[in-house]
Amino acid sequence: MDKVAALQRTKLFEGLGETELAQITQKVVELHFQPGKMLFFSGEKAKGLFVIVSGKVRVFQHNTDGREQVMHVDTAGATIADVPVFDDGPYPASAITEEDSLLLFIDKHDIRQFCLDHPTFALRALRLMAERVRKHARLVEVLSFHEVGQRLAFLLLTEAQSKGVDEQGRTTFKLPLSNHEIAIRIGSVRDVVSRALARLQHDGLVEVKARAVTIVDIRALKLYAETRH
């Protein structure tokens, strides 16, 4: 595996010069995980930073009722566990592989030393953590002020982001998630998600055929998603 190329695909390490990349690559450990492998648990002492080369990793927390709340799902090019690397606290959430995954691991002490050696890199790391904080603040807002139907709409809009929209404002994409998996992502349960999806179809906002989702009107679905109750 080309570890340098893998690091360059991330927002954190992109733009580094050959010398800097060679320095940090020497500290990288290659890891391979089967689906369903826990990378770390919430509250566990943080050891370092993970870079996803291929596969998919779900980062989540459990509430007091034991229900899982997904914080984010990351794929190739993402970095995981950057926050505890810098604040020396434990992992704030748990992480598990959803697919066969190849990752790179960098010990937190090596990352910190690299920041001291390269202040520009440290500023980039701070910017990325700030972006993460904003996303989490948005997640708290959605969970606190929006019902399941609106949360589902947000998820569908997120899944559709990489797809183009035709002149009628429609877009179609394959939704690989089951209703149970959707429920985990938006902090609900399968039956409630099924009803919410049926409601979106009844209202003419989406069409679903064999997990192929068509958003009939992007603007209308966004308006619905932003509605607070």
# chains A, B, ... in the order shown; residues from 1 in each chain; ligands from 1
call {"tool": "residues_around", "arguments": {"residues": "A:Phe114", "least_positions_apart": "5", "cutoff": "9 Å", "atoms": "only C-alpha atoms", "output": "ChimeraX atom specification"}}
result
/A:20,23-24,109,119,121-122
call {"tool": "write_last_selection", "arguments": {"atoms": "all heavy atoms", "output": "PDB file, in the first residue's frame"}}
result
ATOM      1  N   GLU A  20       7.942  16.321   4.775  1.00  0.00           N
ATOM      2  CA  GLU A  20       7.011  16.166   5.896  1.00  0.00           C
ATOM      3  C   GLU A  20       6.272  14.840   5.817  1.00  0.00           C
ATOM      4  O   GLU A  20       6.098  14.139   6.830  1.00  0.00           O
ATOM      5  CB  GLU A  20       6.004  17.324   5.921  1.00  0.00           C
ATOM      6  CG  GLU A  20       6.592  18.668   6.290  1.00  0.00           C
ATOM      7  CD  GLU A  20       7.227  19.365   5.107  1.00  0.00           C
ATOM      8  OE1 GLU A  20       7.203  18.785   3.993  1.00  0.00           O
ATOM      9  OE2 GLU A  20       7.749  20.480   5.293  1.00  0.00           O
ATOM     10  N   GLN A  23       8.441  12.017   6.833  1.00  0.00           N
ATOM     11  CA  GLN A  23       8.647  11.999   8.280  1.00  0.00           C
ATOM     12  C   GLN A  23       7.493  11.319   9.005  1.00  0.00           C
ATOM     13  O   GLN A  23       7.707  10.451   9.858  1.00  0.00           O
ATOM     14  CB  GLN A  23       8.803  13.433   8.798  1.00  0.00           C
ATOM     15  CG  GLN A  23       8.978  13.516  10.319  1.00  0.00           C
ATOM     16  CD  GLN A  23       9.036  14.958  10.811  1.00  0.00           C
ATOM     17  OE1 GLN A  23       9.184  15.887  10.032  1.00  0.00           O
ATOM     18  NE2 GLN A  23       8.897  15.134  12.118  1.00  0.00           N
ATOM     19  N   ILE A  24       6.259  11.679   8.664  1.00  0.00           N
ATOM     20  CA  ILE A  24       5.108  11.111   9.369  1.00  0.00           C
ATOM     21  C   ILE A  24       4.826   9.685   8.912  1.00  0.00           C
ATOM     22  O   ILE A  24       4.354   8.851   9.698  1.00  0.00           O
ATOM     23  CB  ILE A  24       3.858  12.002   9.188  1.00  0.00           C
ATOM     24  CG1 ILE A  24       2.778  11.614  10.210  1.00  0.00           C
ATOM     25  CG2 ILE A  24       3.319  11.916   7.772  1.00  0.00           C
ATOM     26  CD1 ILE A  24       3.163  11.835  11.637  1.00  0.00           C
ATOM     27  N   HIS A 109       1.494  10.529  20.442  1.00  0.00           N
ATOM     28  CA  HIS A 109       2.733  11.237  20.759  1.00  0.00           C
ATOM     29  C   HIS A 109       3.471  11.649  19.477  1.00  0.00           C
ATOM     30  O   HIS A 109       4.073  12.730  19.419  1.00  0.00           O
ATOM     31  CB  HIS A 109       3.631  10.360  21.629  1.00  0.00           C
ATOM     32  CG  HIS A 109       3.012   9.960  22.933  1.00  0.00           C
ATOM     33  ND1 HIS A 109       2.745  10.868  23.930  1.00  0.00           N
ATOM     34  CD2 HIS A 109       2.578   8.749  23.396  1.00  0.00           C
ATOM     35  CE1 HIS A 109       2.182  10.242  24.963  1.00  0.00           C
ATOM     36  NE2 HIS A 109       2.072   8.964  24.657  1.00  0.00           N
ATOM     37  N   PRO A 119       4.145  23.885  12.585  1.00  0.00           N
ATOM     38  CA  PRO A 119       3.022  24.690  13.084  1.00  0.00           C
ATOM     39  C   PRO A 119       1.875  24.846  12.073  1.00  0.00           C
ATOM     40  O   PRO A 119       0.710  24.925  12.477  1.00  0.00           O
ATOM     41  CB  PRO A 119       3.674  26.047  13.391  1.00  0.00           C
ATOM     42  CG  PRO A 119       5.117  25.717  13.638  1.00  0.00           C
ATOM     43  CD  PRO A 119       5.435  24.599  12.699  1.00  0.00           C
ATOM     44  N   PHE A 121       0.801  22.656  10.025  1.00  0.00           N
ATOM     45  CA  PHE A 121       0.002  21.433  10.133  1.00  0.00           C
ATOM     46  C   PHE A 121      -0.888  21.503  11.375  1.00  0.00           C
ATOM     47  O   PHE A 121      -2.054  21.090  11.342  1.00  0.00           O
ATOM     48  CB  PHE A 121       0.919  20.217  10.220  1.00  0.00           C
ATOM     49  CG  PHE A 121       0.202  18.920  10.505  1.00  0.00           C
ATOM     50  CD1 PHE A 121      -0.402  18.204   9.486  1.00  0.00           C
ATOM     51  CD2 PHE A 121       0.124  18.429  11.809  1.00  0.00           C
ATOM     52  CE1 PHE A 121      -1.066  17.018   9.748  1.00  0.00           C
ATOM     53  CE2 PHE A 121      -0.546  17.241  12.082  1.00  0.00           C
ATOM     54  CZ  PHE A 121      -1.141  16.537  11.045  1.00  0.00           C
ATOM     55  N   ALA A 122      -0.365  22.041  12.462  1.00  0.00           N
ATOM     56  CA  ALA A 122      -1.134  22.155  13.697  1.00  0.00           C
ATOM     57  C   ALA A 122      -2.355  23.049  13.492  1.00  0.00           C
ATOM     58  O   ALA A 122      -3.445  22.756  13.992  1.00  0.00           O
ATOM     59  CB  ALA A 122      -0.252  22.712  14.815  1.00  0.00           C
TER      60      ALA A 122
END
call {"tool": "residues_around", "arguments": {"residues": "stretch 69-83 of chain A", "least_positions_apart": "6", "cutoff": "9 Å", "atoms": "only C-alpha atoms", "output": "JSON, numbers by chain"}}
result
{"A": [6, 7, 8, 9, 10, 11, 12, 46, 48, 49, 50, 51, 52, 53, 54, 55, 56, 57, 58, 59, 60, 61, 62, 63, 89, 91, 92, 93, 95, 102, 103, 108, 125, 129, 136, 139, 183, 184, 185, 186, 187, 188]}
call {"tool": "select_by_dssp", "arguments": {"residues": "stretch 1-220 of chain A", "states": "strand (DSSP E)", "output": "ChimeraX atom specification"}}
result
/A:29-33,38-40,48-54,56-62,68-75,79-80,94-97,101-107,171-174,206-209,212-215
call {"tool": "closest_residue", "arguments": {"among": "A:Val85, A:Val28, A:Val4, A:Val142", "to": "A:Lys45", "atoms": "only C-alpha atoms"}}
result
A:Val85
call {"tool": "select_by_dssp", "arguments": {"residues": "stretch 20-190 of chain A", "states": "helix (DSSP H, G or I)", "output": "MDAnalysis selection string"}}
result
chainID A and resid 20:25 82:87 108:117 119:145 148:159 179:186 190
call {"tool": "closest_residue", "arguments": {"among": "A:His32, A:Gly149, A:Arg124, A:Glu14", "to": "A:Asp100", "atoms": "only C-alpha atoms"}}
result
A:His32
call {"tool": "residues_around", "arguments": {"residues": "A:Ser178", "least_positions_apart": "4", "cutoff": "9 Å", "atoms": "only C-alpha atoms", "output": "list in words"}}
result
Ile182, Ala183, Arg190 and Arg211 of chain A
call {"tool": "write_last_selection", "arguments": {"atoms": "all heavy atoms", "output": "compact mmCIF listing (two decimals), in the first residue's frame"}}
result
# COMPACT_ATOMS: atom_id res chain seq x y z
N ILE A 182 -31.07 2.97 9.28
CA ILE A 182 -31.47 4.38 9.25
C ILE A 182 -31.85 4.84 10.66
O ILE A 182 -31.48 5.93 11.10
CB ILE A 182 -32.64 4.61 8.28
CG1 ILE A 182 -32.19 4.38 6.84
CG2 ILE A 182 -33.21 6.02 8.43
CD1 ILE A 182 -33.32 4.41 5.83
N ALA A 183 -32.61 4.00 11.36
CA ALA A 183 -33.04 4.34 12.72
C ALA A 183 -31.84 4.60 13.62
O ALA A 183 -31.85 5.54 14.43
CB ALA A 183 -33.91 3.22 13.28
N ARG A 190 -36.88 1.27 14.17
CA ARG A 190 -37.25 0.88 12.81
C ARG A 190 -38.69 1.19 12.46
O ARG A 190 -38.97 1.74 11.37
CB ARG A 190 -36.98 -0.61 12.62
CG ARG A 190 -37.25 -1.10 11.20
CD ARG A 190 -36.95 -2.58 11.09
NE ARG A 190 -37.76 -3.35 12.02
CZ ARG A 190 -37.62 -4.66 12.23
NH1 ARG A 190 -36.66 -5.33 11.59
NH2 ARG A 190 -38.40 -5.30 13.08
N ARG A 211 -35.31 0.26 -2.67
CA ARG A 211 -34.21 1.01 -2.06
C ARG A 211 -33.62 2.07 -2.96
O ARG A 211 -32.61 2.69 -2.62
CB ARG A 211 -33.09 0.09 -1.55
CG ARG A 211 -33.53 -1.03 -0.67
CD ARG A 211 -34.48 -0.60 0.44
NE ARG A 211 -33.85 0.26 1.44
CZ ARG A 211 -34.50 0.78 2.47
NH1 ARG A 211 -35.79 0.55 2.64
NH2 ARG A 211 -33.88 1.55 3.35
call {"tool": "closest_residue", "arguments": {"among": "A:His180, A:His146, A:Arg132, A:Arg199", "to": "A:Glu226", "atoms": "only C-alpha atoms"}}
result
A:His146
call {"tool": "closest_residue", "arguments": {"among": "A:Ala225, A:Leu104, A:Ile111, A:Val206", "to": "A:Leu152", "atoms": "only C-alpha atoms"}}
result
A:Ala225
call {"tool": "atom_distance", "arguments": {"atom1": "atom CA of A:Leu123", "atom2": "atom CA of A:Ile106"}}
result
18.3 Å
call {"tool": "residues_around", "arguments": {"residues": "stretch 173-175 of chain A", "least_positions_apart": "4", "cutoff": "9 Å", "atoms": "only C-alpha atoms", "output": "ChimeraX atom specification"}}
result
/A:156,159-160,163,210-215
call {"tool": "write_last_selection", "arguments": {"atoms": "C-alpha atoms", "output": "mmCIF file, in the first residue's frame"}}
result
data_model
loop_
_atom_site.group_PDB
_atom_site.id
_atom_site.type_symbol
_atom_site.label_atom_id
_atom_site.label_comp_id
_atom_site.auth_asym_id
_atom_site.auth_seq_id
_atom_site.Cartn_x
_atom_site.Cartn_y
_atom_site.Cartn_z
ATOM 1 C CA LEU A 156 -31.801 11.563 2.639
ATOM 2 C CA GLU A 159 -27.066 10.826 0.960
ATOM 3 C CA ALA A 160 -28.115 12.729 -2.169
ATOM 4 C CA LYS A 163 -25.863 13.296 -7.015
ATOM 5 C CA ALA A 210 -36.438 -1.322 -4.135
ATOM 6 C CA ARG A 211 -34.211 1.009 -2.055
ATOM 7 C CA ALA A 212 -33.833 3.428 -4.964
ATOM 8 C CA VAL A 213 -34.873 6.804 -3.568
ATOM 9 C CA THR A 214 -36.031 9.689 -5.715
ATOM 10 C CA ILE A 215 -36.286 13.085 -4.081
#
call {"tool": "closest_residue", "arguments": {"among": "A:Lys3, A:Lys209, A:Lys27, A:Lys222", "to": "A:Arg151", "atoms": "only C-alpha atoms"}}
result
A:Lys222
